[in-house]
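Next comes query-v4.pdb, with PDB, N, CA and C atoms.
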```pdb
ATOM      1  N   MET T  11     -33.644  33.151  -3.758
ATOM      2  CA  MET T  11     -33.110  34.470  -3.487
ATOM      3  C   MET T  11     -32.101  34.370  -2.354
ATOM      4  N   ASN T  12     -31.061  35.158  -2.430
ATOM      5  CA  ASN T  12     -30.004  35.144  -1.431
ATOM      6  C   ASN T  12     -30.364  35.973  -0.209
ATOM      7  N   TRP T  13     -29.827  35.558   0.920
ATOM      8  CA  TRP T  13     -29.981  36.301   2.167
ATOM      9  C   TRP T  13     -28.752  37.179   2.358
ATOM     10  N   GLU T  14     -28.949  38.377   2.908
ATOM     11  CA  GLU T  14     -27.839  39.291   3.180
ATOM     12  C   GLU T  14     -27.899  39.754   4.621
ATOM     13  N   VAL T  15     -26.748  40.138   5.150
ATOM     14  CA  VAL T  15     -26.686  40.665   6.509
ATOM     15  C   VAL T  15     -27.282  42.062   6.522
ATOM     16  N   LEU T  16     -28.250  42.270   7.388
ATOM     17  CA  LEU T  16     -28.862  43.585   7.557
ATOM     18  C   LEU T  16     -28.075  44.396   8.580
ATOM     19  N   THR T  17     -27.872  43.813   9.753
ATOM     20  CA  THR T  17     -27.161  44.491  10.835
ATOM     21  C   THR T  17     -26.742  43.461  11.865
ATOM     22  N   THR T  18     -26.026  43.904  12.858
ATOM     23  CA  THR T  18     -25.616  43.022  13.952
ATOM     24  C   THR T  18     -26.245  43.524  15.245
ATOM     25  N   ALA T  19     -26.907  42.640  15.941
ATOM     26  CA  ALA T  19     -27.511  42.964  17.232
ATOM     27  C   ALA T  19     -26.519  42.601  18.335
ATOM     28  N   PRO T  20     -26.571  43.306  19.470
ATOM     29  CA  PRO T  20     -25.608  43.039  20.538
ATOM     30  C   PRO T  20     -25.703  41.657  21.172
ATOM     31  N   ASP T  21     -26.891  41.043  21.118
ATOM     32  CA  ASP T  21     -27.040  39.676  21.640
ATOM     33  C   ASP T  21     -28.277  39.041  21.004
ATOM     34  N   GLN T  22     -28.510  37.779  21.294
ATOM     35  CA  GLN T  22     -29.595  37.047  20.644
ATOM     36  C   GLN T  22     -30.972  37.584  21.034
ATOM     37  N   LEU T  23     -31.174  37.952  22.282
ATOM     38  CA  LEU T  23     -32.496  38.443  22.690
ATOM     39  C   LEU T  23     -32.876  39.714  21.937
ATOM     40  N   ILE T  24     -31.937  40.637  21.823
ATOM     41  CA  ILE T  24     -32.216  41.862  21.071
ATOM     42  C   ILE T  24     -32.382  41.536  19.591
ATOM     43  N   GLY T  25     -31.557  40.641  19.071
ATOM     44  CA  GLY T  25     -31.672  40.240  17.672
ATOM     45  C   GLY T  25     -33.032  39.636  17.360
ATOM     46  N   GLU T  26     -33.515  38.784  18.249
ATOM     47  CA  GLU T  26     -34.841  38.185  18.045
ATOM     48  C   GLU T  26     -35.929  39.253  18.095
ATOM     49  N   SER T  27     -35.780  40.215  18.990
ATOM     50  CA  SER T  27     -36.752  41.312  19.076
ATOM     51  C   SER T  27     -36.763  42.132  17.796
ATOM     52  N   TRP T  28     -35.568  42.475  17.306
ATOM     53  CA  TRP T  28     -35.482  43.260  16.068
ATOM     54  C   TRP T  28     -36.078  42.492  14.901
ATOM     55  N   CYS T  29     -35.774  41.199  14.807
ATOM     56  CA  CYS T  29     -36.356  40.386  13.734
ATOM     57  C   CYS T  29     -37.872  40.342  13.853
ATOM     58  N   GLY T  30     -38.377  40.267  15.067
ATOM     59  CA  GLY T  30     -39.826  40.278  15.276
ATOM     60  C   GLY T  30     -40.463  41.549  14.754
ATOM     61  N   LEU T  31     -39.834  42.693  14.997
ATOM     62  CA  LEU T  31     -40.348  43.965  14.474
ATOM     63  C   LEU T  31     -40.383  43.953  12.948
ATOM     64  N   ILE T  32     -39.324  43.451  12.375
ATOM     65  CA  ILE T  32     -39.219  43.416  10.910
ATOM     66  C   ILE T  32     -40.244  42.449  10.322
ATOM     67  N   ARG T  33     -40.396  41.276  10.939
ATOM     68  CA  ARG T  33     -41.381  40.295  10.468
ATOM     69  C   ARG T  33     -42.802  40.832  10.560
ATOM     70  N   THR T  34     -43.090  41.570  11.634
ATOM     71  CA  THR T  34     -44.425  42.139  11.822
ATOM     72  C   THR T  34     -44.783  43.060  10.654
ATOM     73  N   ALA T  35     -43.781  43.693  10.071
ATOM     74  CA  ALA T  35     -44.006  44.582   8.928
ATOM     75  C   ALA T  35     -44.057  43.814   7.606
ATOM     76  N   GLY T  36     -43.941  42.485   7.656
ATOM     77  CA  GLY T  36     -44.087  41.677   6.454
ATOM     78  C   GLY T  36     -42.802  41.334   5.725
ATOM     79  N   VAL T  37     -41.651  41.547   6.375
ATOM     80  CA  VAL T  37     -40.365  41.238   5.755
ATOM     81  C   VAL T  37     -39.767  40.022   6.457
ATOM     82  N   ASN T  38     -39.328  39.044   5.680
ATOM     83  CA  ASN T  38     -38.685  37.863   6.260
ATOM     84  C   ASN T  38     -37.370  38.262   6.919
ATOM     85  N   CYS T  39     -37.131  37.753   8.110
ATOM     86  CA  CYS T  39     -35.910  38.052   8.857
ATOM     87  C   CYS T  39     -35.520  36.812   9.644
ATOM     88  N   ARG T  40     -34.217  36.589   9.771
ATOM     89  CA  ARG T  40     -33.749  35.473  10.585
ATOM     90  C   ARG T  40     -32.376  35.809  11.162
ATOM     91  N   ILE T  41     -32.032  35.090  12.208
ATOM     92  CA  ILE T  41     -30.704  35.208  12.809
ATOM     93  C   ILE T  41     -29.772  34.316  11.999
ATOM     94  N   GLN T  42     -28.581  34.814  11.715
ATOM     95  CA  GLN T  42     -27.597  34.034  10.965
ATOM     96  C   GLN T  42     -27.368  32.704  11.668
ATOM     97  N   PRO T  43     -27.615  31.596  10.964
ATOM     98  CA  PRO T  43     -27.366  30.292  11.573
ATOM     99  C   PRO T  43     -25.920  30.202  12.070
ATOM    100  N   GLY T  44     -25.748  29.696  13.248
ATOM    101  CA  GLY T  44     -24.408  29.588  13.816
ATOM    102  C   GLY T  44     -24.093  30.707  14.790
ATOM    103  N   ASP T  45     -24.771  31.855  14.671
ATOM    104  CA  ASP T  45     -24.531  32.957  15.604
ATOM    105  C   ASP T  45     -25.237  32.715  16.930
ATOM    106  N   ALA T  46     -26.368  32.063  16.888
ATOM    107  CA  ALA T  46     -27.205  31.893  18.084
ATOM    108  C   ALA T  46     -26.947  30.553  18.753
ATOM    109  N   VAL T  47     -25.712  30.352  19.146
ATOM    110  CA  VAL T  47     -25.391  29.123  19.881
ATOM    111  C   VAL T  47     -24.940  29.515  21.271
ATOM    112  N   GLY T  48     -25.661  29.071  22.240
ATOM    113  CA  GLY T  48     -25.308  29.365  23.623
ATOM    114  C   GLY T  48     -25.376  28.105  24.448
ATOM    115  N   PHE T  49     -24.532  28.022  25.434
ATOM    116  CA  PHE T  49     -24.471  26.840  26.282
ATOM    117  C   PHE T  49     -25.811  26.574  26.958
ATOM    118  N   MET T  50     -26.484  27.632  27.384
ATOM    119  CA  MET T  50     -27.752  27.474  28.077
ATOM    120  C   MET T  50     -28.942  27.857  27.201
ATOM    121  N   GLY T  51     -28.753  27.918  25.897
ATOM    122  CA  GLY T  51     -29.873  28.148  24.996
ATOM    123  C   GLY T  51     -29.960  29.510  24.366
ATOM    124  N   VAL T  52     -29.415  30.564  24.990
ATOM    125  CA  VAL T  52     -29.479  31.905  24.432
ATOM    126  C   VAL T  52     -28.064  32.467  24.376
ATOM    127  N   SER T  53     -27.708  32.974  23.217
ATOM    128  CA  SER T  53     -26.374  33.520  23.035
ATOM    129  C   SER T  53     -26.284  34.934  23.588
ATOM    130  N   VAL T  54     -25.231  35.200  24.349
ATOM    131  CA  VAL T  54     -24.988  36.547  24.853
ATOM    132  C   VAL T  54     -24.031  37.314  23.937
ATOM    133  N   PHE T  55     -23.658  36.685  22.844
ATOM    134  CA  PHE T  55     -22.735  37.297  21.891
ATOM    135  C   PHE T  55     -23.508  37.945  20.749
ATOM    136  N   PRO T  56     -22.881  38.862  20.025
ATOM    137  CA  PRO T  56     -23.561  39.509  18.893
ATOM    138  C   PRO T  56     -24.047  38.493  17.854
ATOM    139  N   VAL T  57     -25.198  38.805  17.263
ATOM    140  CA  VAL T  57     -25.779  37.962  16.220
ATOM    141  C   VAL T  57     -26.105  38.822  15.011
ATOM    142  N   ARG T  58     -25.999  38.225  13.832
ATOM    143  CA  ARG T  58     -26.293  38.950  12.596
ATOM    144  C   ARG T  58     -27.726  38.688  12.160
ATOM    145  N   LEU T  59     -28.423  39.760  11.805
ATOM    146  CA  LEU T  59     -29.777  39.655  11.280
ATOM    147  C   LEU T  59     -29.690  39.561   9.767
ATOM    148  N   MET T  60     -30.410  38.591   9.207
ATOM    149  CA  MET T  60     -30.386  38.347   7.771
ATOM    150  C   MET T  60     -31.770  38.623   7.178
ATOM    151  N   VAL T  61     -31.787  39.248   6.007
ATOM    152  CA  VAL T  61     -33.021  39.451   5.248
ATOM    153  C   VAL T  61     -32.724  39.119   3.797
ATOM    154  N   LYS T  62     -33.767  38.898   3.022
ATOM    155  CA  LYS T  62     -33.566  38.592   1.605
ATOM    156  C   LYS T  62     -32.967  39.805   0.905
ATOM    157  N   ALA T  63     -32.133  39.542  -0.074
ATOM    158  CA  ALA T  63     -31.349  40.587  -0.737
ATOM    159  C   ALA T  63     -32.193  41.763  -1.211
ATOM    160  N   GLY T  64     -33.364  41.523  -1.741
ATOM    161  CA  GLY T  64     -34.202  42.595  -2.261
ATOM    162  C   GLY T  64     -34.949  43.384  -1.199
ATOM    163  N   GLU T  65     -34.818  42.976   0.067
ATOM    164  CA  GLU T  65     -35.574  43.625   1.141
ATOM    165  C   GLU T  65     -34.695  44.339   2.158
ATOM    166  N   VAL T  66     -33.408  44.477   1.857
ATOM    167  CA  VAL T  66     -32.479  45.075   2.816
ATOM    168  C   VAL T  66     -32.863  46.513   3.151
ATOM    169  N   GLU T  67     -33.100  47.331   2.141
ATOM    170  CA  GLU T  67     -33.426  48.743   2.387
ATOM    171  C   GLU T  67     -34.739  48.886   3.143
ATOM    172  N   LEU T  68     -35.738  48.101   2.773
ATOM    173  CA  LEU T  68     -37.024  48.147   3.464
ATOM    174  C   LEU T  68     -36.864  47.733   4.920
ATOM    175  N   ALA T  69     -36.145  46.650   5.153
ATOM    176  CA  ALA T  69     -35.938  46.167   6.527
ATOM    177  C   ALA T  69     -35.177  47.195   7.354
ATOM    178  N   GLN T  70     -34.186  47.851   6.750
ATOM    179  CA  GLN T  70     -33.424  48.858   7.474
ATOM    180  C   GLN T  70     -34.311  50.046   7.847
ATOM    181  N   SER T  71     -35.186  50.446   6.933
ATOM    182  CA  SER T  71     -36.074  51.575   7.237
ATOM    183  C   SER T  71     -37.064  51.208   8.348
ATOM    184  N   ILE T  72     -37.518  49.962   8.366
ATOM    185  CA  ILE T  72     -38.417  49.498   9.435
ATOM    186  C   ILE T  72     -37.690  49.549  10.772
ATOM    187  N   LEU T  73     -36.478  49.026  10.794
ATOM    188  CA  LEU T  73     -35.698  49.015  12.028
ATOM    189  C   LEU T  73     -35.384  50.436  12.484
ATOM    190  N   ASP T  74     -35.063  51.315  11.551
ATOM    191  CA  ASP T  74     -34.751  52.708  11.888
ATOM    192  C   ASP T  74     -35.933  53.423  12.535
ATOM    193  N   GLN T  75     -37.143  53.031  12.172
ATOM    194  CA  GLN T  75     -38.331  53.647  12.779
ATOM    195  C   GLN T  75     -38.417  53.352  14.271
ATOM    196  N   TYR T  76     -37.939  52.187  14.674
ATOM    197  CA  TYR T  76     -38.037  51.772  16.069
ATOM    198  C   TYR T  76     -36.796  52.113  16.878
ATOM    199  N   LEU T  77     -35.652  52.156  16.225
ATOM    200  CA  LEU T  77     -34.406  52.461  16.925
ATOM    201  C   LEU T  77     -34.051  53.907  16.648
ATOM    202  N   GLY T  78     -34.325  54.761  17.591
ATOM    203  CA  GLY T  78     -34.088  56.181  17.406
ATOM    204  C   GLY T  78     -32.778  56.637  18.008
ATOM    205  N   ALA T  79     -32.569  57.932  17.937
ATOM    206  CA  ALA T  79     -31.351  58.531  18.471
ATOM    207  C   ALA T  79     -31.231  58.301  19.978
ATOM    208  N   ASP T  80     -32.361  58.092  20.658
ATOM    209  CA  ASP T  80     -32.304  57.868  22.097
ATOM    210  C   ASP T  80     -31.637  56.546  22.461
ATOM    211  N   GLU T  81     -31.433  55.683  21.484
ATOM    212  CA  GLU T  81     -30.785  54.405  21.751
ATOM    213  C   GLU T  81     -29.287  54.463  21.492
ATOM    214  N   GLU T  82     -28.814  55.605  21.032
ATOM    215  CA  GLU T  82     -27.389  55.799  20.818
ATOM    216  C   GLU T  82     -26.768  56.281  22.127
ATOM    217  N   PRO T  83     -25.486  55.956  22.369
ATOM    218  CA  PRO T  83     -24.851  56.466  23.583
ATOM    219  C   PRO T  83     -24.787  57.991  23.549
ATOM    220  N   PRO T  84     -24.891  58.653  24.692
ATOM    221  CA  PRO T  84     -24.820  60.108  24.716
ATOM    222  C   PRO T  84     -23.484  60.606  24.168
ATOM    223  N   GLU T  85     -23.509  61.818  23.656
ATOM    224  CA  GLU T  85     -22.295  62.412  23.098
ATOM    225  C   GLU T  85     -21.218  62.477  24.182
ATOM    226  N   GLY T  86     -20.007  62.066  23.847
ATOM    227  CA  GLY T  86     -18.905  62.073  24.808
ATOM    228  C   GLY T  86     -18.828  60.841  25.681
ATOM    229  N   TYR T  87     -19.794  59.946  25.560
ATOM    230  CA  TYR T  87     -19.836  58.763  26.413
ATOM    231  C   TYR T  87     -18.597  57.890  26.228
ATOM    232  N   LEU T  88     -18.215  57.645  24.992
ATOM    233  CA  LEU T  88     -17.080  56.765  24.737
ATOM    234  C   LEU T  88     -15.785  57.349  25.289
ATOM    235  N   GLU T  89     -15.607  58.663  25.148
ATOM    236  CA  GLU T  89     -14.400  59.294  25.665
ATOM    237  C   GLU T  89     -14.356  59.194  27.188
ATOM    238  N   GLU T  90     -15.503  59.418  27.842
ATOM    239  CA  GLU T  90     -15.561  59.337  29.294
ATOM    240  C   GLU T  90     -15.264  57.925  29.780
ATOM    241  N   SER T  91     -15.797  56.916  29.104
ATOM    242  CA  SER T  91     -15.578  55.539  29.543
ATOM    243  C   SER T  91     -14.120  55.143  29.353
ATOM    244  N   GLU T  92     -13.464  55.671  28.318
ATOM    245  CA  GLU T  92     -12.043  55.391  28.121
ATOM    246  C   GLU T  92     -11.207  56.021  29.237
ATOM    247  N   GLU T  93     -11.589  57.236  29.675
ATOM    248  CA  GLU T  93     -10.872  57.897  30.762
ATOM    249  C   GLU T  93     -10.993  57.085  32.043
ATOM    250  N   VAL T  94     -12.181  56.570  32.324
ATOM    251  CA  VAL T  94     -12.389  55.767  33.528
ATOM    252  C   VAL T  94     -11.569  54.484  33.442
ATOM    253  N   THR T  95     -11.561  53.848  32.286
ATOM    254  CA  THR T  95     -10.791  52.618  32.098
ATOM    255  C   THR T  95      -9.297  52.887  32.302
ATOM    256  N   ASP T  96      -8.815  54.011  31.764
ATOM    257  CA  ASP T  96      -7.402  54.361  31.934
ATOM    258  C   ASP T  96      -7.049  54.547  33.414
ATOM    259  N   LYS T  97      -7.945  55.160  34.180
ATOM    260  CA  LYS T  97      -7.704  55.379  35.601
ATOM    261  C   LYS T  97      -7.667  54.066  36.371
ATOM    262  N   LEU T  98      -8.458  53.089  35.921
ATOM    263  CA  LEU T  98      -8.489  51.798  36.607
ATOM    264  C   LEU T  98      -7.242  50.980  36.337
ATOM    265  N   ASP T  99      -6.612  51.226  35.185
ATOM    266  CA  ASP T  99      -5.407  50.469  34.842
ATOM    267  C   ASP T  99      -4.270  50.985  35.643
TER     268      ASP T  99
END
```
Take the structure I supplied and represent it as structure tokens, if you would.
Amino acid sequence: MNWEVLTTAPDQLIGESWCGLIRTAGVNCRIQPGDAVGFMGVSVFPVRLMVKAGEVELAQSILDQYLGADEEPPEGYLEESEEVTDKLD
């Protein structure tokens, strides 16, 4: 069976945590080989989470249960950060 990209985590530690949640629910999950390469052992760059093709929807629903709206940036956050960046330039 083929593996498909489920989502991208901001870094390897979060990606491993998300995969752990998914595995605990009985779905195979892994970090895309090649994404988790870091000079000191842990990648600080985004990593892709992979699940088997037939389990993508199930894995996404599992992840959605744990990642709620409280993990999204507050409304207007991106606009405010752009204004601050513009002022610094």
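Applied to the file shown here, the PyMOL selection byres (((chain T and resi 22 and name CA) around 10) and name CA) selects Thr18, Ala19, Pro20, Asp21, Leu23, Ile24, Gly25, Glu26, Ser27, Trp28, Ile41, Asp45, Ala46, Val47, Gly48, Gly51, Val52, Ser53, Val54, Phe55, Pro56, Val57, Arg58 and Leu59 of chain T.
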Convert the current residue selection to file output with N, CA and C atoms, as a short mmCIF file (atom, residue, chain, number, x, y, z; two decimals), in the coordinates of the input.
```
data_model
loop_
_atom_site.label_atom_id
_atom_site.label_comp_id
_atom_site.auth_asym_id
_atom_site.auth_seq_id
_atom_site.Cartn_x
_atom_site.Cartn_y
_atom_site.Cartn_z
N THR T 18 -26.03 43.90 12.86
CA THR T 18 -25.62 43.02 13.95
C THR T 18 -26.24 43.52 15.24
N ALA T 19 -26.91 42.64 15.94
CA ALA T 19 -27.51 42.96 17.23
C ALA T 19 -26.52 42.60 18.34
N PRO T 20 -26.57 43.31 19.47
CA PRO T 20 -25.61 43.04 20.54
C PRO T 20 -25.70 41.66 21.17
N ASP T 21 -26.89 41.04 21.12
CA ASP T 21 -27.04 39.68 21.64
C ASP T 21 -28.28 39.04 21.00
N LEU T 23 -31.17 37.95 22.28
CA LEU T 23 -32.50 38.44 22.69
C LEU T 23 -32.88 39.71 21.94
N ILE T 24 -31.94 40.64 21.82
CA ILE T 24 -32.22 41.86 21.07
C ILE T 24 -32.38 41.54 19.59
N GLY T 25 -31.56 40.64 19.07
CA GLY T 25 -31.67 40.24 17.67
C GLY T 25 -33.03 39.64 17.36
N GLU T 26 -33.52 38.78 18.25
CA GLU T 26 -34.84 38.18 18.05
C GLU T 26 -35.93 39.25 18.10
N SER T 27 -35.78 40.22 18.99
CA SER T 27 -36.75 41.31 19.08
C SER T 27 -36.76 42.13 17.80
N TRP T 28 -35.57 42.48 17.31
CA TRP T 28 -35.48 43.26 16.07
C TRP T 28 -36.08 42.49 14.90
N ILE T 41 -32.03 35.09 12.21
CA ILE T 41 -30.70 35.21 12.81
C ILE T 41 -29.77 34.32 12.00
N ASP T 45 -24.77 31.86 14.67
CA ASP T 45 -24.53 32.96 15.60
C ASP T 45 -25.24 32.72 16.93
N ALA T 46 -26.37 32.06 16.89
CA ALA T 46 -27.20 31.89 18.08
C ALA T 46 -26.95 30.55 18.75
N VAL T 47 -25.71 30.35 19.15
CA VAL T 47 -25.39 29.12 19.88
C VAL T 47 -24.94 29.52 21.27
N GLY T 48 -25.66 29.07 22.24
CA GLY T 48 -25.31 29.36 23.62
C GLY T 48 -25.38 28.10 24.45
N GLY T 51 -28.75 27.92 25.90
CA GLY T 51 -29.87 28.15 25.00
C GLY T 51 -29.96 29.51 24.37
N VAL T 52 -29.42 30.56 24.99
CA VAL T 52 -29.48 31.90 24.43
C VAL T 52 -28.06 32.47 24.38
N SER T 53 -27.71 32.97 23.22
CA SER T 53 -26.37 33.52 23.04
C SER T 53 -26.28 34.93 23.59
N VAL T 54 -25.23 35.20 24.35
CA VAL T 54 -24.99 36.55 24.85
C VAL T 54 -24.03 37.31 23.94
N PHE T 55 -23.66 36.68 22.84
CA PHE T 55 -22.74 37.30 21.89
C PHE T 55 -23.51 37.94 20.75
N PRO T 56 -22.88 38.86 20.02
CA PRO T 56 -23.56 39.51 18.89
C PRO T 56 -24.05 38.49 17.85
N VAL T 57 -25.20 38.80 17.26
CA VAL T 57 -25.78 37.96 16.22
C VAL T 57 -26.10 38.82 15.01
N ARG T 58 -26.00 38.22 13.83
CA ARG T 58 -26.29 38.95 12.60
C ARG T 58 -27.73 38.69 12.16
N LEU T 59 -28.42 39.76 11.80
CA LEU T 59 -29.78 39.66 11.28
C LEU T 59 -29.69 39.56 9.77
#
```
Residues matched by the PyMOL selection byres ((chain T and resi 13) around 6), written as a PyMOL selection string: chain T and resi 11-12+14-15+60-63
Please identify which residues in range 35-77 of chain T DSSP calls alpha helix (DSSP H) from the backbone, and express them as a PyMOL selection string. chain T and resi 66-76
Give me, please, the distance in Å between atom C of Ala35 in chain T and atom N of Gly64 in chain T, quoted to one decimal. 14.4 Å
For atom C of Cys39 in chain T and atom C of Leu68 in chain T, determine how far apart the two atoms are, in Å to one decimal place. 12.0 Å
